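Dumped entry-v9.cif below, it's mmCIF, C-alpha atoms:
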data_work
loop_
_atom_site.label_atom_id
_atom_site.label_comp_id
_atom_site.auth_asym_id
_atom_site.auth_seq_id
_atom_site.Cartn_x
_atom_site.Cartn_y
_atom_site.Cartn_z
CA MET A 25 169.85 146.85 3.83
CA LYS A 26 170.53 145.05 7.12
CA THR A 27 172.75 147.91 8.25
CA ILE A 28 170.02 150.48 7.53
CA CYS A 29 167.44 148.40 9.47
CA LYS A 30 169.82 148.00 12.42
CA CYS A 31 170.62 151.71 12.43
CA THR A 32 166.93 152.59 12.24
CA MET A 33 166.09 150.23 15.11
CA ILE A 34 168.91 151.64 17.25
CA ALA A 35 167.80 155.21 16.47
CA ILE A 36 164.19 154.42 17.42
CA PHE A 37 165.34 152.69 20.60
CA LEU A 38 167.52 155.67 21.56
CA LEU A 39 164.71 158.09 20.75
CA PHE A 40 162.37 156.24 23.15
CA LYS A 41 165.11 155.92 25.73
CA ILE A 42 165.95 159.65 25.63
CA ASN A 43 162.36 160.93 25.55
CA GLY A 44 160.92 158.18 27.69
CA ILE A 45 157.98 156.09 26.69
CA LYS A 46 154.82 157.92 27.58
CA CYS A 47 151.68 155.96 28.23
CA GLN A 48 148.30 156.73 29.70
CA ILE A 49 148.17 156.35 33.45
CA THR A 50 144.64 155.77 34.70
CA ASP A 51 145.55 155.22 38.36
CA LYS A 52 144.54 158.72 39.43
CA LYS A 53 144.77 159.39 43.17
CA LEU A 54 141.35 159.87 44.78
CA ASP A 55 140.63 163.08 46.69
CA GLN A 56 139.62 161.44 49.98
CA VAL A 57 138.59 164.71 51.66
CA LYS A 58 136.32 165.73 48.77
CA LEU A 59 134.77 162.26 48.52
CA MET A 60 134.05 162.10 52.27
CA LYS A 61 131.79 165.14 51.83
CA GLN A 62 129.23 162.78 50.25
CA PHE A 63 128.42 161.74 53.84
CA ILE A 64 127.54 165.31 54.93
CA GLY A 65 123.88 165.60 55.94
CA THR A 66 121.36 163.56 57.90
CA TRP A 67 121.04 159.87 57.10
CA LYS A 68 118.54 157.23 58.25
CA PHE A 69 119.47 153.53 58.30
CA GLU A 70 117.01 150.76 59.07
CA LEU A 71 118.87 148.34 61.35
CA GLY A 72 115.97 145.98 61.99
CA LYS A 73 112.24 145.92 62.64
CA ASP A 74 111.33 149.30 64.17
CA THR A 75 115.03 150.06 64.80
CA PHE A 76 116.83 152.90 63.06
CA LEU A 77 120.15 154.72 63.14
CA ILE A 78 119.82 158.46 62.50
CA SER A 79 123.18 160.03 61.76
CA GLU A 80 123.86 163.76 61.43
CA ASN A 81 127.21 164.41 59.73
CA SER A 82 128.87 167.85 59.67
CA PRO A 83 132.12 169.01 58.05
CA PHE A 84 134.96 169.85 60.42
CA GLY A 85 138.22 171.05 58.84
CA THR A 86 139.45 168.29 56.53
CA GLY A 87 137.33 165.78 58.43
CA MET A 88 133.84 165.38 59.78
CA THR A 89 131.89 164.95 62.99
CA SER A 90 128.99 162.56 63.27
CA LYS A 91 126.30 162.45 65.95
CA SER A 92 124.01 159.45 65.80
CA GLN A 93 121.20 157.84 67.72
CA ILE A 94 119.88 154.31 67.62
CA ILE A 95 116.12 154.48 67.99
CA THR A 96 113.71 151.63 68.53
CA ASN A 97 109.97 152.10 68.97
CA ASP A 98 110.53 155.88 69.19
CA ALA A 99 112.94 155.53 72.14
CA VAL A 100 116.66 156.32 71.99
CA ILE A 101 118.58 153.23 73.10
CA ASN A 102 122.09 154.51 72.35
CA SER A 103 123.94 157.59 71.15
CA ILE A 104 127.19 157.63 69.19
CA ILE A 105 129.73 160.35 68.47
CA GLN A 106 132.36 159.94 65.77
CA LEU A 107 135.27 162.17 64.79
CA TYR A 108 136.82 161.69 61.35
CA GLY A 109 140.28 163.18 60.83
CA TYR A 110 142.16 162.99 57.54
CA ASP A 111 145.70 161.56 57.78
CA LYS A 112 147.64 162.85 54.78
CA LYS A 113 150.48 160.37 55.33
CA THR A 114 148.25 157.28 54.92
CA ASP A 115 145.67 159.03 52.68
CA LYS A 116 142.93 157.66 54.95
CA PHE A 117 140.65 158.94 57.67
CA VAL A 118 141.23 157.97 61.27
CA VAL A 119 137.90 157.57 63.06
CA ALA A 120 137.35 157.66 66.81
CA GLU A 121 133.90 156.40 67.84
CA LEU A 122 132.34 156.53 71.28
CA PHE A 123 129.06 154.87 72.25
CA GLU A 124 127.25 156.40 75.20
CA THR A 125 126.58 152.96 76.69
CA SER A 126 130.15 151.66 76.37
CA PRO A 127 133.49 152.69 77.86
CA VAL A 128 135.34 151.40 74.75
CA ILE A 129 136.59 153.87 72.14
CA GLU A 130 136.38 152.25 68.71
CA LEU A 131 139.25 153.18 66.37
CA CYS A 132 138.95 152.78 62.61
CA ASN A 133 140.41 153.74 59.26
CA ALA A 134 138.07 154.85 56.50
CA TRP A 135 138.86 155.51 52.86
CA PHE A 136 137.41 155.48 49.37
CA ILE A 137 138.55 152.91 46.82
CA SER A 138 136.53 154.56 44.03
CA ASN A 139 134.44 157.72 43.64
CA LYS A 140 131.41 155.95 45.11
CA ALA A 141 132.70 153.15 47.34
CA GLY A 142 135.08 152.55 50.21
CA GLU A 143 135.93 150.66 53.35
CA ILE A 144 135.96 151.15 57.08
CA VAL A 145 138.30 148.86 59.01
CA ILE A 146 138.35 148.67 62.80
CA PHE A 147 141.87 148.42 64.10
CA ASN A 148 141.51 148.22 67.88
CA PRO A 149 142.12 144.61 69.00
CA GLU A 150 138.70 143.82 70.50
CA ASN A 151 136.86 144.08 67.15
CA ALA A 152 139.66 143.85 64.59
CA ALA A 153 137.90 141.19 62.51
CA LEU A 154 134.96 143.53 61.82
CA ARG A 155 135.03 145.79 58.76
CA PHE A 156 132.53 147.57 56.58
CA ARG A 157 132.14 148.31 52.91
CA PHE A 158 130.06 151.23 51.76
CA GLU A 159 128.79 152.27 48.38
CA PHE A 160 126.82 155.31 47.30
CA LYS A 161 124.21 153.96 44.87
CA THR A 162 122.92 157.51 44.35
CA PRO A 163 123.77 160.77 46.16
CA ASP A 164 120.83 160.01 48.51
CA LEU A 165 121.24 156.23 48.93
CA ILE A 166 124.13 154.36 50.52
CA VAL A 167 124.50 150.63 51.11
CA GLN A 168 126.74 149.54 53.98
CA THR A 169 127.83 145.94 54.44
CA ALA A 170 129.23 144.54 57.71
CA ILE A 171 131.83 141.80 57.26
CA ILE A 172 133.48 139.49 59.80
CA ASP A 173 136.20 137.09 58.68
CA ASP A 174 135.31 137.76 55.01
CA LYS A 175 131.64 136.79 55.60
CA VAL A 176 128.81 139.28 55.13
CA ILE A 177 126.82 139.44 58.34
CA LYS A 178 124.52 142.41 57.68
CA GLU A 179 123.66 144.84 54.91
CA VAL A 180 121.80 148.08 55.60
CA LYS A 181 120.63 150.92 53.38
CA GLY A 182 120.80 154.54 54.33
CA ILE A 183 118.62 157.28 52.90
CA LYS A 184 119.66 160.91 53.01
CA MET A 185 116.96 162.87 54.78
CA LYS A 186 118.45 166.35 54.29
#
Serialized structure, structure tokens:
Amino acid sequence: MKTICKCTMIAIFLLFKINGIKCQITDKKLDQVKLMKQFIGTWKFELGKDTFLISENSPFGTGMTSKSQIITNDAVINSIIQLYGYDKKTDKFVVAELFETSPVIELCNAWFISNKAGEIVIFNPENAALRFRFEFKTPDLIVQTAIIDDKVIKEVKGIKMK
């Protein structure tokens, strides 16, 4: 009886070893380019009392361009241009951001960590401690959180206008 059990166990072990143990893998790679398309359109963020960021995002190849204005009391106080380019090697977007009122070019990485949420991390030395989390609550509502040294400093909501 012991010999039959041992032989059966060895046979089962060899069967698994030869065929490989198959299990469900739920760690499916996210399609960063497809997910980034959720940003396409015109968005309005309230930054403070009577101060808004209006951002117009357009697809461009596997990336996106963004033209934004910060408006307070119906006057434009700054304009921003961003270029998002997908880097296949890192599976992230590289973002170059230029403010009209500043000579500094902000460089960031952006990526999704789920179908509805992601991060933007600044990697140029002047602002390296600053990062953002974003989450699409609905297709027309996004919440963006600014974080410095793991502390939330500001949370804004954006509404898709068109």
Atom CA of A:Ile78 sits from atom CA of A:Cys132 at a separation of 20.0 Å
Quick check, in Å to one decimal: how far apart do atom CA of A:Thr96 and atom CA of A:Phe156 lie?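 Atom-to-atom, atom CA of A:Thr96 to atom CA of A:Phe156, that is 22.7 Å.
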I'd like the neighbourhood of A:Ser82 as a ChimeraX atom specification, where a residue qualifies if any of its atoms comes within 6 Å (using only C-alpha atoms), though same-chain residues fewer than 4 positions away should be ignored. /A:64,88-89
So that I have them on file, write out the residues from the current selection with C-alpha atoms, as a tab-separated table (two decimals), in the coordinates of the input.
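Result file follows (again-v7.tsv):
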chain	number	residue	atom	x	y	z
A	64	ILE	CA	127.54	165.31	54.93
A	88	MET	CA	133.84	165.38	59.78
A	89	THR	CA	131.89	164.95	62.99
Which is closest to A:Leu165 among A:Lys112, A:Lys61, A:Lys68, A:Lys178, if we use all atoms listed in the file?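 With all atoms listed in the file as the atom set, the closest residue is A:Lys68.
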Go through A:Gln106, A:Asn97, A:Asn139, A:Thr125 and flag the residue nearest A:Pro83, using all atoms listed in the file for the distances.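 Nearest to A:Pro83: A:Gln106.
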Using only C-alpha atoms for the distances, tell me which of A:Ser126, A:Thr169, A:Thr114, A:Asn81 is nearest to A:Gln62.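 Checking each of A:Ser126, A:Thr169, A:Thr114, A:Asn81 against A:Gln62, counting only C-alpha atoms, the winner is A:Asn81.
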I would like the residues chosen by the PyMOL selection byres ((chain A and resi 177) around 12) on the shown file; could you give them as a PyMOL selection string? chain A and resi 153-157+168-176+178-180
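Minimum distance to A:Val128 across A:Glu159, A:Tyr110, A:Ile144, A:Ile104 (counting only C-alpha atoms) occurs at A:Ile104.
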Show which residues sit within 12 Å of A:Ser103, as a compact mmCIF listing (two decimals) with C-alpha atoms, in the coordinates of the input. Count all atoms listed in the file, and ignore same-chain residues fewer than 2 positions away.
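The result, written out as result05.txt:
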# COMPACT_ATOMS: atom_id res chain seq x y z
CA PHE A 76 116.83 152.90 63.06
CA LEU A 77 120.15 154.72 63.14
CA ILE A 78 119.82 158.46 62.50
CA SER A 79 123.18 160.03 61.76
CA GLU A 80 123.86 163.76 61.43
CA SER A 90 128.99 162.56 63.27
CA LYS A 91 126.30 162.45 65.95
CA SER A 92 124.01 159.45 65.80
CA GLN A 93 121.20 157.84 67.72
CA ILE A 94 119.88 154.31 67.62
CA ILE A 95 116.12 154.48 67.99
CA ALA A 99 112.94 155.53 72.14
CA VAL A 100 116.66 156.32 71.99
CA ILE A 101 118.58 153.23 73.10
CA ILE A 105 129.73 160.35 68.47
CA GLN A 106 132.36 159.94 65.77
CA GLU A 121 133.90 156.40 67.84
CA LEU A 122 132.34 156.53 71.28
CA PHE A 123 129.06 154.87 72.25
CA GLU A 124 127.25 156.40 75.20
CA THR A 125 126.58 152.96 76.69
CA SER A 126 130.15 151.66 76.37
For atom CA of A:Glu143 and atom CA of A:Gly85, the interatomic separation in Å (one decimal):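 Taking atom CA of A:Glu143 as the start and atom CA of A:Gly85 as the end point, the length is 21.2 Å.
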Can you list, as a PyMOL selection string, the residues that the PyMOL selection byres ((chain A and resi 66) around 6) selects here? chain A and resi 65+67+79-80+184-186
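Distance annotation: of A:Phe147, A:Phe84, A:Phe63, A:Phe69, the residue with the minimal separation from A:Val118 is A:Phe147; atom set is all atoms listed in the file.
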Counting all atoms listed in the file, the option among A:Thr162, A:Ile129, A:Lys52, A:Trp135 closest to A:Asp115: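 Counting all atoms listed in the file, the residue closest to A:Asp115 is A:Trp135.
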Would you fill the gaps in stretch 63-90 of chain A so it has N, CA and C atoms, then print it as an mmCIF file, in the coordinates of the input?
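Below is the file selection_22.cif, written as the result:
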data_model
loop_
_atom_site.group_PDB
_atom_site.id
_atom_site.type_symbol
_atom_site.label_atom_id
_atom_site.label_comp_id
_atom_site.auth_asym_id
_atom_site.auth_seq_id
_atom_site.Cartn_x
_atom_site.Cartn_y
_atom_site.Cartn_z
ATOM 1 N N PHE A 63 129.090 162.163 52.614
ATOM 2 C CA PHE A 63 128.420 161.740 53.840
ATOM 3 C C PHE A 63 127.735 162.904 54.572
ATOM 4 N N ILE A 64 128.074 164.146 54.221
ATOM 5 C CA ILE A 64 127.540 165.310 54.930
ATOM 6 C C ILE A 64 126.017 165.330 54.796
ATOM 7 N N GLY A 65 125.337 165.553 55.916
ATOM 8 C CA GLY A 65 123.880 165.600 55.940
ATOM 9 C C GLY A 65 123.337 164.632 56.977
ATOM 10 N N THR A 66 122.033 164.457 56.961
ATOM 11 C CA THR A 66 121.360 163.560 57.900
ATOM 12 C C THR A 66 120.930 162.295 57.164
ATOM 13 N N TRP A 67 121.324 161.158 57.709
ATOM 14 C CA TRP A 67 121.040 159.870 57.100
ATOM 15 C C TRP A 67 120.227 158.998 58.050
ATOM 16 N N LYS A 68 119.361 158.159 57.462
ATOM 17 C CA LYS A 68 118.540 157.230 58.250
ATOM 18 C C LYS A 68 118.774 155.818 57.712
ATOM 19 N N PHE A 69 119.226 154.932 58.627
ATOM 20 C CA PHE A 69 119.470 153.530 58.300
ATOM 21 C C PHE A 69 118.495 152.659 59.066
ATOM 22 N N GLU A 70 117.870 151.722 58.372
ATOM 23 C CA GLU A 70 117.010 150.760 59.070
ATOM 24 C C GLU A 70 117.888 149.586 59.492
ATOM 25 N N LEU A 71 118.025 149.395 60.811
ATOM 26 C CA LEU A 71 118.870 148.340 61.350
ATOM 27 C C LEU A 71 118.114 147.038 61.569
ATOM 28 N N GLY A 72 116.827 147.137 61.736
ATOM 29 C CA GLY A 72 115.970 145.980 61.990
ATOM 30 C C GLY A 72 114.539 146.459 62.124
ATOM 31 N N LYS A 73 113.654 145.559 62.493
ATOM 32 C CA LYS A 73 112.240 145.920 62.640
ATOM 33 C C LYS A 73 112.104 147.015 63.700
ATOM 34 N N ASP A 74 111.564 148.152 63.289
ATOM 35 C CA ASP A 74 111.330 149.300 64.170
ATOM 36 C C ASP A 74 112.597 149.851 64.831
ATOM 37 N N THR A 75 113.767 149.568 64.251
ATOM 38 C CA THR A 75 115.030 150.060 64.800
ATOM 39 C C THR A 75 115.802 150.797 63.718
ATOM 40 N N PHE A 76 116.176 152.033 64.043
ATOM 41 C CA PHE A 76 116.830 152.900 63.060
ATOM 42 C C PHE A 76 118.058 153.563 63.659
ATOM 43 N N LEU A 77 118.994 153.888 62.786
ATOM 44 C CA LEU A 77 120.150 154.720 63.140
ATOM 45 C C LEU A 77 119.967 156.026 62.384
ATOM 46 N N ILE A 78 119.891 157.125 63.113
ATOM 47 C CA ILE A 78 119.820 158.460 62.500
ATOM 48 C C ILE A 78 121.171 159.112 62.747
ATOM 49 N N SER A 79 121.822 159.503 61.671
ATOM 50 C CA SER A 79 123.180 160.030 61.760
ATOM 51 C C SER A 79 123.239 161.421 61.135
ATOM 52 N N GLU A 80 123.717 162.385 61.906
ATOM 53 C CA GLU A 80 123.860 163.760 61.430
ATOM 54 C C GLU A 80 125.350 164.058 61.292
ATOM 55 N N ASN A 81 125.801 164.237 60.048
ATOM 56 C CA ASN A 81 127.210 164.410 59.730
ATOM 57 C C ASN A 81 127.498 165.851 59.315
ATOM 58 N N SER A 82 128.510 166.457 59.941
ATOM 59 C CA SER A 82 128.870 167.850 59.670
ATOM 60 C C SER A 82 130.342 167.945 59.329
ATOM 61 N N PRO A 83 130.694 168.833 58.371
ATOM 62 C CA PRO A 83 132.120 169.010 58.050
ATOM 63 C C PRO A 83 132.850 169.650 59.226
ATOM 64 N N PHE A 84 134.123 169.285 59.370
ATOM 65 C CA PHE A 84 134.960 169.850 60.420
ATOM 66 C C PHE A 84 136.396 169.835 59.895
ATOM 67 N N GLY A 85 136.890 170.982 59.450
ATOM 68 C CA GLY A 85 138.220 171.050 58.840
ATOM 69 C C GLY A 85 138.302 170.126 57.648
ATOM 70 N N THR A 86 139.337 169.267 57.618
ATOM 71 C CA THR A 86 139.450 168.290 56.530
ATOM 72 C C THR A 86 138.778 166.976 56.892
ATOM 73 N N GLY A 87 138.019 166.980 57.984
ATOM 74 C CA GLY A 87 137.330 165.780 58.430
ATOM 75 C C GLY A 87 135.849 166.005 58.596
ATOM 76 N N MET A 88 135.284 165.338 59.595
ATOM 77 C CA MET A 88 133.840 165.380 59.780
ATOM 78 C C MET A 88 133.527 164.934 61.206
ATOM 79 N N THR A 89 132.434 165.451 61.739
ATOM 80 C CA THR A 89 131.890 164.950 62.990
ATOM 81 C C THR A 89 130.557 164.279 62.684
ATOM 82 N N SER A 90 130.235 163.286 63.474
ATOM 83 C CA SER A 90 128.990 162.560 63.270
ATOM 84 C C SER A 90 128.341 162.321 64.633
#
